[in-house]
Every structure is written in structure tokens, then in C-alpha cells.
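The structure under discussion appears below in the form of C-alpha cells.
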Amino acid sequence: MVSASSLLLPSSVRDFASCIGDGAACTAPSSTRTRRGSAAVQAQPSTLSVTASYRVALASSSSPPLQLRLTWAHSPLGPTLSFSPSASGRKVLVRRRRGSCSVPSSGEDEAVESESELSASSPRLALFWDLTAARFDPAASPEPVSGYYVVVAVESAEVVLALGDLAAEFVKAKFEGTTQIPMAAPFARGERVVVAVSSGAAAAVTHTARARFAEGGAEHEVSVGCAPGGGGGGGGDELWVSIDGKRAVQARRLRWNFRGNQTVFVDGEPVDVMWDLHGWWFRREPPAPGCAVVMLRARSALESRLWLEEEAAAPAFSLLVEAFKSPP
């Protein structure tokens, strides 16, 4: 049985993780209606948001590592950025394309409208950003690909996180004497996508993400796909996970086996793959949209449990993909 308390994940994901054991499979309720066969239709998912979590250590303090979270999302006015100093900390929503602000450690969400100077009474973290020249891939996620920087520093002017191709130049100009630029890799990445499925139509969907399962390791292309079959009762439904174009996980009869897990090996190390499609198949009541969840998480060694309590303090990399039928 998975220990949900050890997961640094949203509560909705912890709920499904806590009910999955090795080789687990669930049975659909007997009242569930069977699906009539129909021709497969390709549906292209649209990425709503990308959340990256970073674990950074403070050289000037013996405090535990910080866990910083950045979320890139789409809005009617274009891509947006929000920042939080922790999973439960106060979220700062960046509205201007360039600026800086002090980051509260708790409280309600705050929209940042203008650049502000730091003071002695400011919280320990400072956020700097410049998205004025940011370039995005219109066919991919709201996360910029170049032309930007996001920098986080502590009150002592110690830079703890520097993202973007313009970060090094900004840090050199802003923090004189800083020689080391910490280009940290995320220890967790979450992507939310919407799949536009027409009423009564069967759709084959594939979403592709980039993941680095080990610090300093190679970056891999991870594709998560789902296709309905033509037979009644969901017997032909299929879920797959491919890594660098090679099929790693394949699950069928998803109307019955809508929850499960499997362990694969990437770069010689175990990676746990879990899926929960219950909400996608059976949640029809508004306002909560149907949701499918697939997660990949690295492990440092083979164990009888998916994750150990002692790994909570220093979690291995995880990739979480949530697919919705309509925006949540």
C-alpha cells in the first residue's frame, strides 16, 4: 500500500496514490454503462499549465532546503507566471512583464502589479523576472523557451534559483561578486491539459513532456497516450507510456483496470508509473470535469513499497500529467 503522507503532491493525487498497491487493479461499478463501438478520432490536447518545483539549499544557513514552485499558465491575455516559496506558501501572481517583489511566506494569493524595492522588513525571499522578450512555442506549453529570466534570492543577496537564458547576465549585473549561478533542475513537474472530445466520439490522444529522472542525468521525452477500442464494454481501451519513442507501459481494458501501476527502468534506475482514469470514465456530474491522471516517479532502489517515508524529505523526480475534458 502506498503511503500517501510521503508524497509531495496535490491532495487529489495523494488520494488515488493511497489506494494503489503493486499490481493493483480496480473493478468498474456494475451500474456503469458500456461504451458502444465508434471510429477513432484524433484529439490534440491543449496544455493549460505547467508547474515546476525546485529544491534549493542555502549556503548561508543550516535550514532545510527550500522548495520553490513556479506555474506557467495560459490566460486570455497570454501566458502568465505565478510563484510560491513552498507547496503551501503564499502564491505571487506576476501581472507585469518585468519587475521584482518581496515574497510573503504565508497568506492569500497576491497579484503583483508593479516593481517594488526590498526592505529590511521584507520576507527572506526576493523574486526578479523579465518576460518582455520571452519567446513561446505556440504548439507547446505556456512555459517560455528563451528570451527571459526568473531569479530568486534571499535577504543576504544569495541567489538560490536562476532560470532562463538571460538569467546569468541579470545576476552578474544585479549581484556583484556572484560567481556561481544555480541553474537548478525541478524535482517535480506537473502538466495540466484539456482534451477536446466531441460528444459520442472516440478519441486517441497523446501528450508529450520532457523529464529528467536523475539529477545531472539525460533528459527524456515522455509520451502518455490513450485510445479507445471499438469493442463494447471498454475491452479495447488502451493506455500507454513511451519513453524516447519506446513503449514502456501498456494497459488495456481500462474500464475495469482504470487504476494501476507498473515499474520500468530508465537509465538503469526504477521509475514507477501510476494511472487513475476513474474520473475520466465515470465522473459526469458538473461542475467537476472528468480527469485522467498519470504519474511517473523515480526511485533510488527497488523496494517492496512504491515510496518510503524517509524519501519525503528529499523526494526523487516525479512527472504528473492531468488530462481534463473541460478546463477545471
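Please note that chains go A, B, ... in the order of the C-alpha cells, that every chain numbers its residues from 1, and that ligands are numbered from 1 in the order shown.
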
Write out as a PyMOL selection string the residues lying within 10 Å of stretch 235-248 of chain A, counting only C-alpha atoms and excluding same-chain residues fewer than 3 positions away. chain A and resi 34-35+37+204-211+219-232+251-258+262-266+273+275+277+294+296

Residues near A:Pro142, anyone? I mean within 7 Å using only C-alpha atoms, not counting same-chain ones fewer than 5 positions away, as a ChimeraX atom specification. /A:49,72-74,79,136

Selected residue of minimal separation from A:Ala52 among A:Leu77, A:Cys101, A:Ala184, A:Leu166, counting only C-alpha atoms: A:Ala184

Counting only C-alpha atoms, closest pick from A:Gln250, A:Ser53, A:Gln180, A:Ser46 relative to A:Ser318 is A:Ser53

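Counting only C-alpha atoms and comparing A:Leu127, A:Ala188, A:Ala162, A:Val151, the residue that lies closest to A:Leu320 is A:Ala188.
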
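The list of residues with at least one atom within 9 Å of A:His278, based on only C-alpha atoms and without residues fewer than 4 positions apart in the same chain, reads A:Ala28, A:Arg255, A:Phe258, A:Arg259, A:Phe282, A:Arg283, A:Gly290, A:Cys291, A:Ala292, A:Val293.
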
I'd like to know which of A:Leu58, A:Ala87, A:Asp272, A:Trp280 is closest to A:Val195, using only C-alpha atoms. A:Trp280

Could you go through stretch 152-269 of chain A and tell me which residues DSSP, when run on the backbone, assigns to alpha helix (DSSP H), listing them as a compact mmCIF listing (two decimals) with N, CA and C atoms, in the first residue's frame?
# COMPACT_ATOMS: atom_id res chain seq x y z
N ALA A 167 19.26 34.73 -17.45
CA ALA A 167 19.46 34.80 -16.00
C ALA A 167 20.90 35.13 -15.62
N ALA A 168 21.87 34.52 -16.29
CA ALA A 168 23.27 34.74 -15.93
C ALA A 168 23.66 36.21 -16.09
N GLU A 169 23.22 36.83 -17.16
CA GLU A 169 23.54 38.24 -17.40
C GLU A 169 22.91 39.13 -16.33
N PHE A 170 21.66 38.83 -15.95
CA PHE A 170 20.99 39.64 -14.92
C PHE A 170 21.68 39.47 -13.57
N VAL A 171 21.99 38.26 -13.19
CA VAL A 171 22.63 38.01 -11.89
C VAL A 171 23.98 38.71 -11.82
N LYS A 172 24.74 38.66 -12.88
CA LYS A 172 26.06 39.30 -12.90
C LYS A 172 25.94 40.80 -12.69
N ALA A 173 24.90 41.42 -13.29
CA ALA A 173 24.72 42.86 -13.16
C ALA A 173 24.09 43.25 -11.82
N LYS A 174 23.20 42.43 -11.31
CA LYS A 174 22.45 42.78 -10.09
C LYS A 174 23.22 42.42 -8.83

Neighbouring residues of A:Phe317 were defined as those with any atom within 7 Å, considering only C-alpha atoms; residues of the same chain fewer than 4 positions away were excluded. Please report them as a PDB file with C-alpha atoms, in the first residue's frame.
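And here is the file that came out, around-v1.pdb:
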ATOM      1  CA  PHE A 187      12.374  17.666  -8.692  1.00  0.00           C
ATOM      2  CA  ALA A 188       8.692  17.631  -9.677  1.00  0.00           C
ATOM      3  CA  PHE A 213      14.583  11.494 -13.774  1.00  0.00           C
ATOM      4  CA  ALA A 214      18.003  11.861 -12.126  1.00  0.00           C
ATOM      5  CA  ARG A 297       8.238   8.894 -10.273  1.00  0.00           C
ATOM      6  CA  ALA A 298      11.854   7.829  -9.931  1.00  0.00           C
TER       7      ALA A 298
END
